[in-house]
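One file, target.csv, is given below (CSV, C-alpha atoms and all ligand atoms).
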chain,number,residue,atom,x,y,z
A,11,MET,CA,29.8,-28.1,16.9
A,12,ALA,CA,29.6,-24.5,15.8
A,13,ALA,CA,26.0,-23.3,15.7
A,14,LEU,CA,26.9,-21.4,12.5
A,15,PHE,CA,27.4,-24.7,10.8
A,16,THR,CA,24.2,-26.4,11.8
A,17,PRO,CA,21.6,-26.9,9.1
A,18,LEU,CA,18.4,-24.9,9.1
A,19,ALA,CA,15.1,-26.2,7.7
A,20,LEU,CA,12.7,-23.7,6.1
A,21,LYS,CA,9.6,-25.4,4.9
A,22,SER,CA,10.8,-28.1,2.5
A,23,VAL,CA,14.2,-26.5,2.0
A,24,THR,CA,17.3,-27.2,4.2
A,25,LEU,CA,20.2,-24.8,4.3
A,26,ARG,CA,23.5,-26.7,5.0
A,27,ASN,CA,24.6,-23.9,7.4
A,28,ARG,CA,23.6,-20.5,8.6
A,29,VAL,CA,25.7,-18.4,6.3
A,30,VAL,CA,23.8,-16.4,3.7
A,31,VAL,CA,25.1,-14.4,0.8
A,32,SER,CA,23.1,-11.1,0.8
A,33,PRO,CA,21.5,-9.9,-2.4
A,34,MET,CA,23.9,-7.6,-4.2
A,35,CYS,CA,23.2,-5.8,-7.4
A,36,GLN,CA,25.9,-6.4,-9.9
A,37,TYR,CA,24.7,-3.9,-12.6
A,38,SER,CA,26.0,-6.5,-15.1
A,39,SER,CA,22.8,-7.9,-16.7
A,40,ASP,CA,22.1,-7.8,-20.3
A,41,ASP,CA,18.5,-6.4,-20.7
A,42,GLY,CA,17.8,-7.9,-17.4
A,43,MET,CA,19.3,-11.3,-18.3
A,44,ALA,CA,21.8,-13.1,-16.1
A,45,THR,CA,25.2,-13.3,-17.7
A,46,ASP,CA,28.4,-15.3,-17.3
A,47,TRP,CA,29.3,-12.8,-14.6
A,48,HIS,CA,26.4,-14.0,-12.5
A,49,LEU,CA,27.3,-17.6,-13.0
A,50,VAL,CA,30.9,-17.0,-11.8
A,51,HIS,CA,30.0,-14.5,-9.1
A,52,LEU,CA,27.2,-16.4,-7.5
A,53,GLY,CA,28.6,-19.8,-8.4
A,54,SER,CA,31.9,-18.9,-6.6
A,55,ARG,CA,30.0,-18.1,-3.4
A,56,ALA,CA,28.1,-21.4,-3.5
A,57,VAL,CA,31.5,-23.2,-4.1
A,58,GLY,CA,32.8,-21.1,-1.1
A,59,GLY,CA,30.4,-22.9,1.2
A,60,ALA,CA,27.5,-20.6,1.9
A,61,GLY,CA,24.2,-22.2,2.9
A,62,LEU,CA,22.0,-19.9,0.8
A,63,VAL,CA,23.0,-17.6,-2.1
A,64,ILE,CA,20.4,-14.8,-2.6
A,65,ASP,CA,20.7,-13.4,-6.1
A,66,GLU,CA,20.5,-9.6,-6.4
A,67,ALA,CA,17.4,-7.3,-6.5
A,68,THR,CA,15.7,-8.5,-9.7
A,69,ALA,CA,13.2,-6.2,-11.3
A,70,VAL,CA,9.6,-7.3,-11.8
A,71,SER,CA,9.2,-4.9,-14.7
A,72,PRO,CA,11.7,-2.9,-16.9
A,73,GLU,CA,10.7,0.4,-15.1
A,74,GLY,CA,11.4,-1.3,-11.8
A,75,ARG,CA,15.2,-1.4,-12.5
A,76,ILE,CA,17.6,0.9,-10.8
A,77,SER,CA,19.8,1.0,-13.8
A,78,HIS,CA,20.2,-0.3,-17.3
A,79,GLY,CA,22.4,-3.1,-15.9
A,80,ASP,CA,19.9,-4.4,-13.3
A,81,ALA,CA,18.7,-8.0,-13.3
A,82,GLY,CA,15.1,-8.5,-14.3
A,83,ILE,CA,12.5,-11.3,-14.5
A,84,TRP,CA,9.7,-9.6,-16.4
A,85,SER,CA,9.6,-12.0,-19.3
A,86,ASP,CA,9.9,-15.8,-19.9
A,87,ALA,CA,13.2,-15.2,-21.7
A,88,HIS,CA,14.8,-14.3,-18.3
A,89,VAL,CA,14.1,-17.7,-16.9
A,90,GLU,CA,16.7,-19.9,-18.6
A,91,PRO,CA,19.8,-17.7,-18.0
A,92,LEU,CA,18.8,-17.5,-14.3
A,93,ALA,CA,18.1,-21.3,-14.2
A,94,ARG,CA,21.6,-22.0,-15.5
A,95,VAL,CA,23.1,-20.0,-12.5
A,96,ASN,CA,20.7,-21.7,-10.0
A,97,ARG,CA,21.5,-25.2,-11.2
A,98,PHE,CA,25.2,-24.5,-10.6
A,99,ILE,CA,24.5,-23.0,-7.1
A,100,GLU,CA,22.5,-26.1,-6.2
A,101,GLN,CA,25.0,-28.5,-7.6
A,102,HIS,CA,27.5,-27.1,-5.1
A,103,GLY,CA,25.3,-27.6,-2.1
A,104,ALA,CA,23.9,-24.1,-1.6
A,105,VAL,CA,20.2,-23.2,-1.9
A,106,ALA,CA,19.4,-20.8,-4.8
A,107,GLY,CA,17.6,-17.7,-3.6
A,108,LEU,CA,16.3,-14.7,-5.5
A,109,GLN,CA,15.2,-11.2,-4.4
A,110,ILE,CA,12.5,-9.6,-6.5
A,111,GLY,CA,11.7,-5.9,-6.3
A,112,HIS,CA,10.8,-2.6,-7.9
A,113,ALA,CA,13.1,0.4,-7.5
A,114,GLY,CA,10.2,3.0,-7.3
A,115,ARG,CA,11.6,6.6,-7.2
A,116,LYS,CA,15.2,5.3,-7.2
A,117,ALA,CA,14.7,3.9,-10.7
A,118,SER,CA,16.1,5.1,-13.9
A,119,ALA,CA,19.6,5.9,-12.6
A,120,GLN,CA,23.2,5.4,-13.7
A,121,ARG,CA,25.2,2.5,-12.5
A,122,PRO,CA,27.0,3.5,-9.2
A,123,TRP,CA,30.4,3.6,-10.9
A,124,GLU,CA,28.9,5.7,-13.7
A,125,GLY,CA,27.7,8.5,-11.4
A,126,ASP,CA,24.7,7.1,-9.4
A,127,GLN,CA,22.5,10.0,-10.6
A,128,HIS,CA,19.1,9.8,-12.3
A,129,LEU,CA,19.6,9.2,-16.0
A,130,GLY,CA,19.7,12.3,-18.2
A,131,PRO,CA,17.7,12.8,-21.4
A,132,ASN,CA,20.4,11.2,-23.6
A,133,GLU,CA,20.8,8.1,-21.4
A,134,LYS,CA,17.5,6.4,-22.3
A,135,PRO,CA,15.7,7.3,-19.0
A,136,TRP,CA,12.3,5.7,-18.3
A,137,PRO,CA,9.2,7.0,-16.4
A,138,ILE,CA,9.7,6.8,-12.6
A,139,LEU,CA,6.9,5.6,-10.3
A,140,GLY,CA,6.3,6.1,-6.6
A,141,PRO,CA,3.5,6.4,-4.1
A,142,SER,CA,3.6,10.2,-4.2
A,143,ALA,CA,5.3,12.8,-6.4
A,144,LEU,CA,8.1,13.3,-3.9
A,145,ALA,CA,11.7,13.1,-5.0
A,146,PHE,CA,14.3,11.1,-3.0
A,147,GLY,CA,16.5,14.2,-3.3
A,148,ALA,CA,20.3,14.7,-3.5
A,149,TYR,CA,21.7,12.7,-6.3
A,150,LEU,CA,18.2,11.3,-7.3
A,151,PRO,CA,16.3,14.6,-7.8
A,152,VAL,CA,13.6,13.5,-10.2
A,153,ALA,CA,10.1,13.3,-8.6
A,154,PRO,CA,8.3,10.1,-9.5
A,155,LYS,CA,4.8,10.0,-10.9
A,156,ALA,CA,2.3,9.2,-8.2
A,157,MET,CA,0.9,5.8,-9.1
A,158,THR,CA,-2.7,5.3,-10.0
A,159,LYS,CA,-4.6,2.4,-8.5
A,160,GLU,CA,-4.3,0.7,-11.9
A,161,GLU,CA,-0.6,1.0,-11.8
A,162,ILE,CA,-0.5,-0.3,-8.3
A,163,ALA,CA,-2.5,-3.4,-9.4
A,164,ARG,CA,-0.2,-3.9,-12.4
A,165,VAL,CA,2.9,-3.8,-10.2
A,166,ARG,CA,1.3,-6.3,-7.8
A,167,GLY,CA,0.6,-8.6,-10.8
A,168,ASP,CA,4.2,-8.1,-11.9
A,169,PHE,CA,5.4,-9.4,-8.5
A,170,ALA,CA,3.2,-12.5,-8.8
A,171,ALA,CA,4.4,-13.2,-12.4
A,172,ALA,CA,8.0,-12.7,-11.2
A,173,ALA,CA,7.4,-15.3,-8.5
A,174,ARG,CA,6.1,-17.8,-11.0
A,175,ARG,CA,9.1,-17.3,-13.3
A,176,ALA,CA,11.4,-17.6,-10.3
A,177,LEU,CA,9.9,-21.0,-9.7
A,178,ALA,CA,10.4,-21.9,-13.3
A,179,ALA,CA,14.1,-20.8,-12.9
A,180,ASP,CA,14.6,-23.3,-10.0
A,181,VAL,CA,14.7,-20.7,-7.3
A,182,ARG,CA,14.0,-22.3,-3.9
A,183,PHE,CA,14.0,-19.3,-1.6
A,184,LEU,CA,12.2,-16.1,-2.7
A,185,GLU,CA,12.7,-12.8,-1.0
A,186,LEU,CA,10.6,-9.6,-1.5
A,187,HIS,CA,12.6,-6.4,-1.4
A,188,PHE,CA,10.6,-4.2,0.9
A,189,ALA,CA,13.7,-2.2,2.1
A,190,HIS,CA,16.3,0.4,1.3
A,191,GLY,CA,13.9,3.1,0.0
A,192,TYR,CA,12.6,1.2,-3.0
A,193,LEU,CA,9.0,1.1,-4.0
A,194,ALA,CA,7.5,-1.0,-1.2
A,195,HIS,CA,9.4,0.8,1.5
A,196,GLU,CA,8.2,4.1,-0.1
A,197,PHE,CA,4.6,3.0,0.4
A,198,PHE,CA,5.3,2.1,4.0
A,199,SER,CA,7.2,5.2,5.0
A,200,PRO,CA,5.4,8.5,5.7
A,201,LEU,CA,8.6,10.2,4.4
A,202,ALA,CA,7.8,9.0,0.9
A,203,ASN,CA,4.1,8.4,1.0
A,204,GLN,CA,1.7,11.3,1.3
A,205,ARG,CA,-1.3,9.7,-0.4
A,206,THR,CA,-4.8,10.5,0.7
A,207,ASP,CA,-6.4,7.4,-0.7
A,208,GLU,CA,-6.5,3.9,0.9
A,209,TYR,CA,-2.7,3.4,0.1
A,210,GLY,CA,-1.6,6.3,2.3
A,211,GLY,CA,-2.1,8.1,5.6
A,212,SER,CA,-2.9,5.6,8.4
A,213,PHE,CA,-0.6,2.7,9.4
A,214,GLU,CA,-3.1,0.3,7.8
A,215,ASN,CA,-3.2,2.2,4.6
A,216,ARG,CA,0.6,2.5,4.4
A,217,CYS,CA,0.8,-1.3,4.8
A,218,ARG,CA,-1.7,-2.0,2.1
A,219,PHE,CA,0.7,-2.1,-0.9
A,220,LEU,CA,3.1,-4.4,1.0
A,221,VAL,CA,0.3,-6.7,2.3
A,222,GLU,CA,-1.4,-7.0,-1.1
A,223,THR,CA,1.8,-7.6,-2.9
A,224,PHE,CA,2.8,-10.2,-0.3
A,225,ASP,CA,-0.5,-12.0,-0.8
A,226,ALA,CA,-0.2,-12.0,-4.5
A,227,VAL,CA,3.2,-13.5,-4.4
A,228,ARG,CA,2.3,-16.0,-1.7
A,229,ALA,CA,-0.6,-17.2,-3.9
A,230,ALA,CA,1.8,-17.7,-6.8
A,231,TRP,CA,4.7,-19.2,-4.8
A,232,PRO,CA,4.4,-22.8,-3.7
A,233,GLU,CA,3.3,-23.3,-0.1
A,234,HIS,CA,6.2,-25.7,0.5
A,235,LEU,CA,8.9,-23.2,-0.4
A,236,PRO,CA,10.1,-20.4,1.9
A,237,LEU,CA,9.1,-16.8,1.2
A,238,ALA,CA,11.0,-14.0,3.0
A,239,VAL,CA,10.8,-10.3,3.2
A,240,ARG,CA,13.6,-7.9,3.6
A,241,LEU,CA,12.3,-4.9,5.5
A,242,SER,CA,13.9,-1.6,6.5
A,243,VAL,CA,12.6,-1.8,10.0
A,244,THR,CA,13.6,1.7,10.9
A,245,ASP,CA,14.2,4.9,8.9
A,246,TRP,CA,16.3,6.4,11.7
A,247,ILE,CA,14.5,9.7,10.9
A,248,GLU,CA,11.9,11.5,12.9
A,249,GLY,CA,8.5,10.9,11.3
A,250,GLY,CA,9.7,7.8,9.4
A,251,VAL,CA,9.2,4.0,9.9
A,252,THR,CA,9.8,2.8,13.4
A,253,VAL,CA,10.7,-0.7,14.7
A,254,GLU,CA,7.3,-0.8,16.6
A,255,GLU,CA,5.4,-0.2,13.3
A,256,SER,CA,7.6,-2.7,11.5
A,257,ILE,CA,6.8,-5.4,14.1
A,258,GLU,CA,3.1,-4.8,13.6
A,259,LEU,CA,3.5,-5.1,9.8
A,260,LEU,CA,5.6,-8.3,10.2
A,261,ARG,CA,3.0,-9.9,12.4
A,262,LYS,CA,0.4,-9.3,9.7
A,263,LEU,CA,2.7,-10.9,7.1
A,264,LYS,CA,3.4,-13.8,9.5
A,265,ALA,CA,-0.3,-14.5,9.6
A,266,ARG,CA,-0.3,-14.5,5.8
A,267,GLY,CA,2.5,-17.0,5.3
A,268,LEU,CA,5.8,-15.2,5.8
A,269,ASP,CA,8.6,-17.7,6.6
A,270,LEU,CA,11.7,-15.6,7.3
A,271,ILE,CA,12.5,-11.9,8.0
A,272,ASP,CA,15.6,-10.4,6.5
A,273,VAL,CA,16.1,-7.5,8.9
A,274,SER,CA,17.5,-4.4,7.3
A,275,GLN,CA,17.3,-0.7,7.8
A,276,GLY,CA,17.4,2.8,6.3
A,277,PHE,CA,17.8,4.6,3.0
A,278,ILE,CA,14.4,6.1,2.5
A,279,THR,CA,16.0,9.5,2.1
A,280,PRO,CA,19.6,10.6,1.6
A,281,ASP,CA,19.8,11.4,5.3
A,282,ILE,CA,21.8,8.6,6.9
A,283,SER,CA,23.3,10.8,9.7
A,284,LYS,CA,21.5,8.9,12.5
A,285,ILE,CA,22.5,5.4,11.5
A,286,PRO,CA,24.6,4.0,14.4
A,287,TRP,CA,27.2,2.3,12.2
A,288,GLY,CA,29.4,-0.3,14.0
A,289,PRO,CA,30.0,-4.0,13.9
A,290,GLY,CA,26.7,-5.9,14.1
A,291,PHE,CA,24.7,-2.8,14.9
A,292,MET,CA,21.4,-4.3,13.7
A,293,VAL,CA,21.8,-7.5,15.9
A,294,PRO,CA,19.9,-6.2,18.9
A,295,THR,CA,17.0,-5.0,16.7
A,296,THR,CA,17.0,-8.4,14.9
A,297,ALA,CA,16.8,-10.2,18.2
A,298,ARG,CA,13.9,-8.1,19.3
A,299,ILE,CA,12.0,-8.7,16.1
A,300,ARG,CA,12.7,-12.4,16.3
A,301,ARG,CA,11.3,-12.4,19.8
A,302,GLU,CA,8.3,-10.2,19.2
A,303,VAL,CA,7.2,-11.5,15.8
A,304,GLY,CA,8.3,-15.2,16.4
A,305,LEU,CA,9.7,-16.0,13.0
A,306,PRO,CA,13.2,-17.1,11.8
A,307,CYS,CA,15.3,-13.9,11.3
A,308,GLY,CA,18.4,-13.0,9.4
A,309,ALA,CA,20.8,-10.6,10.9
A,310,GLY,CA,22.9,-8.4,8.5
A,311,TRP,CA,25.0,-5.3,8.5
A,312,MET,CA,28.7,-5.2,9.3
A,313,ILE,CA,29.1,-8.8,10.4
A,314,SER,CA,32.6,-9.8,9.6
A,315,GLU,CA,34.3,-12.0,12.2
A,316,PRO,CA,33.5,-15.7,12.4
A,317,ALA,CA,33.3,-15.6,16.2
A,318,ALA,CA,30.8,-12.7,16.1
A,319,ALA,CA,28.7,-14.6,13.5
A,320,GLU,CA,28.8,-17.7,15.7
A,321,ALA,CA,27.7,-15.8,18.8
A,322,ILE,CA,24.7,-14.3,16.9
A,323,ILE,CA,23.4,-17.8,16.1
A,324,ALA,CA,24.6,-19.6,19.3
A,325,GLU,CA,23.0,-16.9,21.5
A,326,GLY,CA,19.7,-17.0,19.6
A,327,HIS,CA,19.8,-13.4,18.2
A,328,ALA,CA,19.1,-14.6,14.7
A,329,ASP,CA,18.7,-17.9,12.7
A,330,VAL,CA,21.1,-16.9,9.9
A,331,VAL,CA,23.7,-14.3,9.2
A,332,ILE,CA,23.4,-12.4,6.0
A,333,LEU,CA,26.7,-11.1,4.7
A,334,ALA,CA,27.3,-8.8,1.8
A,335,ARG,CA,30.7,-6.9,1.6
A,336,GLU,CA,32.6,-9.7,3.4
A,337,MET,CA,31.5,-12.0,0.7
A,338,LEU,CA,32.8,-9.7,-1.9
A,339,LYS,CA,36.2,-9.7,-0.2
A,340,ASP,CA,36.2,-13.5,0.3
A,341,ALA,CA,33.9,-15.9,-1.5
A,342,TYR,CA,35.4,-18.6,0.8
A,343,TRP,CA,34.2,-16.8,3.9
A,344,PRO,CA,32.2,-19.8,5.1
A,345,PHE,CA,35.1,-22.2,4.6
A,346,HIS,CA,37.5,-19.8,6.4
A,347,ALA,CA,34.9,-19.3,9.2
A,348,ALA,CA,34.5,-23.1,9.6
A,349,LYS,CA,38.3,-23.4,10.0
A,350,ALA,CA,38.4,-20.5,12.5
A,351,LEU,CA,35.6,-22.0,14.5
A,352,LYS,CA,37.4,-25.4,14.4
A,353,VAL,CA,34.6,-27.2,12.7
A,354,ASP,CA,35.5,-30.8,11.9
A,355,LYS,CA,36.6,-31.3,8.3
A,356,PRO,CA,35.9,-27.7,7.1
A,357,GLN,CA,37.1,-28.7,3.6
A,358,ALA,CA,33.9,-30.8,3.3
A,359,LEU,CA,32.1,-27.5,2.5
A,360,LEU,CA,34.1,-27.3,-0.7
A,361,PRO,CA,33.7,-29.3,-3.9
A,362,ILE,CA,35.7,-32.5,-4.2
A,363,GLN,CA,37.9,-30.9,-6.8
A,364,TYR,CA,39.3,-28.7,-4.0
A,365,ALA,CA,38.5,-30.7,-0.9
A,366,HIS,CA,40.5,-33.8,-2.0
A,367,TRP,CA,43.7,-31.7,-1.8
A,368,LEU,CA,42.9,-30.0,1.5
A,369,LYS,CA,42.8,-32.8,3.9
A,370,ARG,CA,44.7,-30.9,6.6
B,401,LIG,C1,27.5,-4.1,-4.2
B,401,LIG,C2,26.3,-4.1,-3.3
B,401,LIG,C3,25.0,-4.3,-3.9
B,401,LIG,C4,23.9,-4.4,-3.1
B,401,LIG,N1,22.7,-4.7,-3.7
B,401,LIG,C5,21.6,-5.0,-2.9
B,401,LIG,C6,20.4,-5.6,-3.4
B,401,LIG,O1,20.4,-5.9,-4.6
B,401,LIG,N2,19.4,-5.8,-2.6
B,401,LIG,C7,19.5,-5.5,-1.3
B,401,LIG,O2,18.5,-5.8,-0.5
B,401,LIG,N3,20.6,-5.0,-0.7
B,401,LIG,C8,21.7,-4.8,-1.5
B,401,LIG,N4,22.8,-4.3,-0.9
B,401,LIG,C9,22.9,-4.3,0.5
B,401,LIG,C10,23.5,-5.6,1.1
B,401,LIG,O3,22.7,-6.7,0.7
B,401,LIG,C11,23.6,-5.5,2.6
B,401,LIG,O4,22.4,-5.4,3.2
B,401,LIG,C12,24.5,-4.4,3.1
B,401,LIG,O5,25.7,-4.2,2.3
B,401,LIG,C13,24.9,-4.6,4.5
B,401,LIG,O6,25.6,-5.8,4.7
B,401,LIG,P1,27.2,-5.8,4.8
B,401,LIG,O7,27.6,-4.9,6.0
B,401,LIG,O8,27.6,-7.3,5.1
B,401,LIG,O9,27.9,-5.3,3.6
B,401,LIG,C14,24.0,-4.2,-1.7
B,401,LIG,C15,25.2,-4.0,-1.1
B,401,LIG,C16,26.4,-3.9,-1.9
B,401,LIG,C17,27.7,-3.7,-1.3

Here is a file; write its structure as structure tokens.
Ligand SMILES: Cc1cc2nc3c(=O)[nH]c(=O)nc-3n(C[C@H](O)[C@H](O)[C@H](O)COP(=O)(O)O)c2cc1C
Amino acid sequence: MAALFTPLALKSVTLRNRVVVSPMCQYSSDDGMATDWHLVHLGSRAVGGAGLVIDEATAVSPEGRISHGDAGIWSDAHVEPLARVNRFIEQHGAVAGLQIGHAGRKASAQRPWEGDQHLGPNEKPWPILGPSALAFGAYLPVAPKAMTKEEIARVRGDFAAAARRALAADVRFLELHFAHGYLAHEFFSPLANQRTDEYGGSFENRCRFLVETFDAVRAAWPEHLPLAVRLSVTDWIEGGVTVEESIELLRKLKARGLDLIDVSQGFITPDISKIPWGPGFMVPTTARIRREVGLPCGAGWMISEPAAAEAIIAEGHADVVILAREMLKDAYWPFHAAKALKVDKPQALLPIQYAHWLKR
């Protein structure tokens, strides 16, 4: 039996296998609402056999969006369109996941295919928030407004409200976006946070926004459902976040009820020159975090081949593999991987409408 196709229990939720669809912004929402695009895009990946489908970074407030097309969950009106997608995902045997986040100083930008720059004055921009008035730079040159403590408290409350709405939308796996240079990562990284109050400076202070936000969400999210964090565990830049600091932060979150770590990396500044791109380049770090923090971990980044994914799980480097671009190329990646790994009856991953005709 391939390890990749063994179930995984996380609290009261069981994934049918270890293949996870990574959250991927589609920039295709209508005022934050899920559309038919999400039903087809996410629904196809559930039909393709994934164990868990994590819906894209979904903004906890309108200002927390990257672009006008981002998904959001800042009002009760967002619940039903998302619930429709989630019901379909679950009907096809996958667990419905959601990533919630706030884009911080990367907010108020064009969709990637419309330029990726901060919105200009005629493009309905909105106020940009961050820990400090430091711009990301390059194509995102606008410096955010340094958040007041009231604004920090409001965003924390927005995360908790988002978690409650996610539950109402039948989400069963919730992930906090603490990665990729967005708001939470900005608080954690000295490269974006130069505050002199209790939210900046020392390691403890740089953790505070993340820990408080985690606590607010954990209190709003049922104990029996898994709560994950996606963390950029290294900035790959001198003076930025290190794996050692990330392990300390993750141990704190573990003590406060974290259930799974989605190990990611980078993107706090435009400088990506030190990222050691290559197949599975984050796997050794993921294995270290899994060992040193002692929680289930997801490995991502440049995992393509079924045999490589199988080895990651079989050799105990991670508990799930989290695939993004491969899933864009092939919504049936799990089915094709099951065939490649000679899993008995791989067609059983597919709905009966297909499986019935694919007995061989
Ligand atoms: C189209 C696209 C949208 C993405 N949107 C998100 C997102 O919403 N949240 C997130 O944490 N990462 C996002 N990412 C990053 C992916 O989830 C993933 O971490 C990254 O692409 C590396 O995995 P891969 O090598 O399998 O593509 C996005 C990536 C792509 C290609």

Worksheet item: When distances are computed from only C-alpha atoms, which of A:Ile285, A:Leu92, A:Ile257, A:Ala265 shows the smallest separation from Asp225 (chain A)?
Response: A:Ala265

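When only C-alpha atoms are used to measure the gap to His51 (chain A), the shortest distance among A:Asp329, A:Glu100, A:Ala309, A:Met337 belongs to A:Met337.
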
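Environment of ligand LIG 401 (chain B), defined as every protein or nucleic acid residue with an atom within 7 Å of it and counting only C-alpha atoms and all ligand atoms, comprises Ser32, Pro33, Met34, Cys35, Gln36, Glu66, Ala67, His187, Ala189, His190, Arg240, Ser274, Gly310, Trp311, Met312, Ile313, Ile332, Leu333, Ala334, Arg335 and Glu336 of chain A.
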
Item to complete: Between A:Glu185, A:Val253, A:Lys355, A:Leu49, single out the one closest to Gly308 (chain A), counting all atoms listed in the file.
Response: A:Glu185

Practice prompt. Anything within 8 Å of (30.9, -18.6, 21.8): list those residues as a PyMOL selection string, counting all atoms listed in the file and sticking to the file's coordinates.
Written response: chain A and resi 317+320-321+324

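Proximity ranking of A:Arg175, A:His234, A:Arg166, A:Arg115 relative to Ala153 (chain A) places A:Arg115 first, based on only C-alpha atoms.
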
Item to complete: Identify, on the basis of all atoms listed in the file, every residue whose closest approach to Glu196 (chain A) does not exceed 10 Å; exclude the query and any residue fewer than 2 positions from it along the same chain; express the result as an NGL selection string.
Response: :A and (113-115 or 140-142 or 144 or 146 or 188-194 or 198-204 or 216 or 219-220 or 278-279)

Can you take the partial region 138-150 of chain A, add N, CA and C atoms, and return it as a compact mmCIF listing (two decimals), in the coordinates of the input?
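Here's the written file part-v2.txt:
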# COMPACT_ATOMS: atom_id res chain seq x y z
N ILE A 138 9.46 7.23 -13.98
CA ILE A 138 9.70 6.80 -12.60
C ILE A 138 8.39 6.83 -11.84
N LEU A 139 8.13 5.76 -11.10
CA LEU A 139 6.90 5.60 -10.30
C LEU A 139 7.15 5.64 -8.84
N GLY A 140 6.18 6.15 -8.09
CA GLY A 140 6.30 6.10 -6.60
C GLY A 140 4.90 6.31 -6.04
N PRO A 141 4.77 6.19 -4.73
CA PRO A 141 3.50 6.40 -4.10
C PRO A 141 2.99 7.86 -4.26
N SER A 142 3.94 8.79 -4.12
CA SER A 142 3.60 10.20 -4.20
C SER A 142 4.68 10.89 -5.07
N ALA A 143 4.33 12.07 -5.56
CA ALA A 143 5.30 12.80 -6.40
C ALA A 143 6.31 13.55 -5.58
N LEU A 144 7.05 12.77 -4.79
CA LEU A 144 8.10 13.30 -3.90
C LEU A 144 9.42 12.73 -4.29
N ALA A 145 10.39 13.58 -4.58
CA ALA A 145 11.70 13.10 -5.00
C ALA A 145 12.47 12.53 -3.79
N PHE A 146 13.36 11.57 -4.04
CA PHE A 146 14.30 11.10 -3.00
C PHE A 146 15.18 12.23 -2.57
N GLY A 147 15.64 13.01 -3.57
CA GLY A 147 16.50 14.20 -3.30
C GLY A 147 17.95 13.86 -3.57
N ALA A 148 18.81 14.84 -3.25
CA ALA A 148 20.30 14.70 -3.50
C ALA A 148 20.58 14.29 -4.89
N TYR A 149 21.26 13.13 -5.01
CA TYR A 149 21.70 12.70 -6.30
C TYR A 149 20.59 12.04 -7.15
N LEU A 150 19.40 11.88 -6.56
CA LEU A 150 18.20 11.30 -7.30
C LEU A 150 17.10 12.36 -7.21
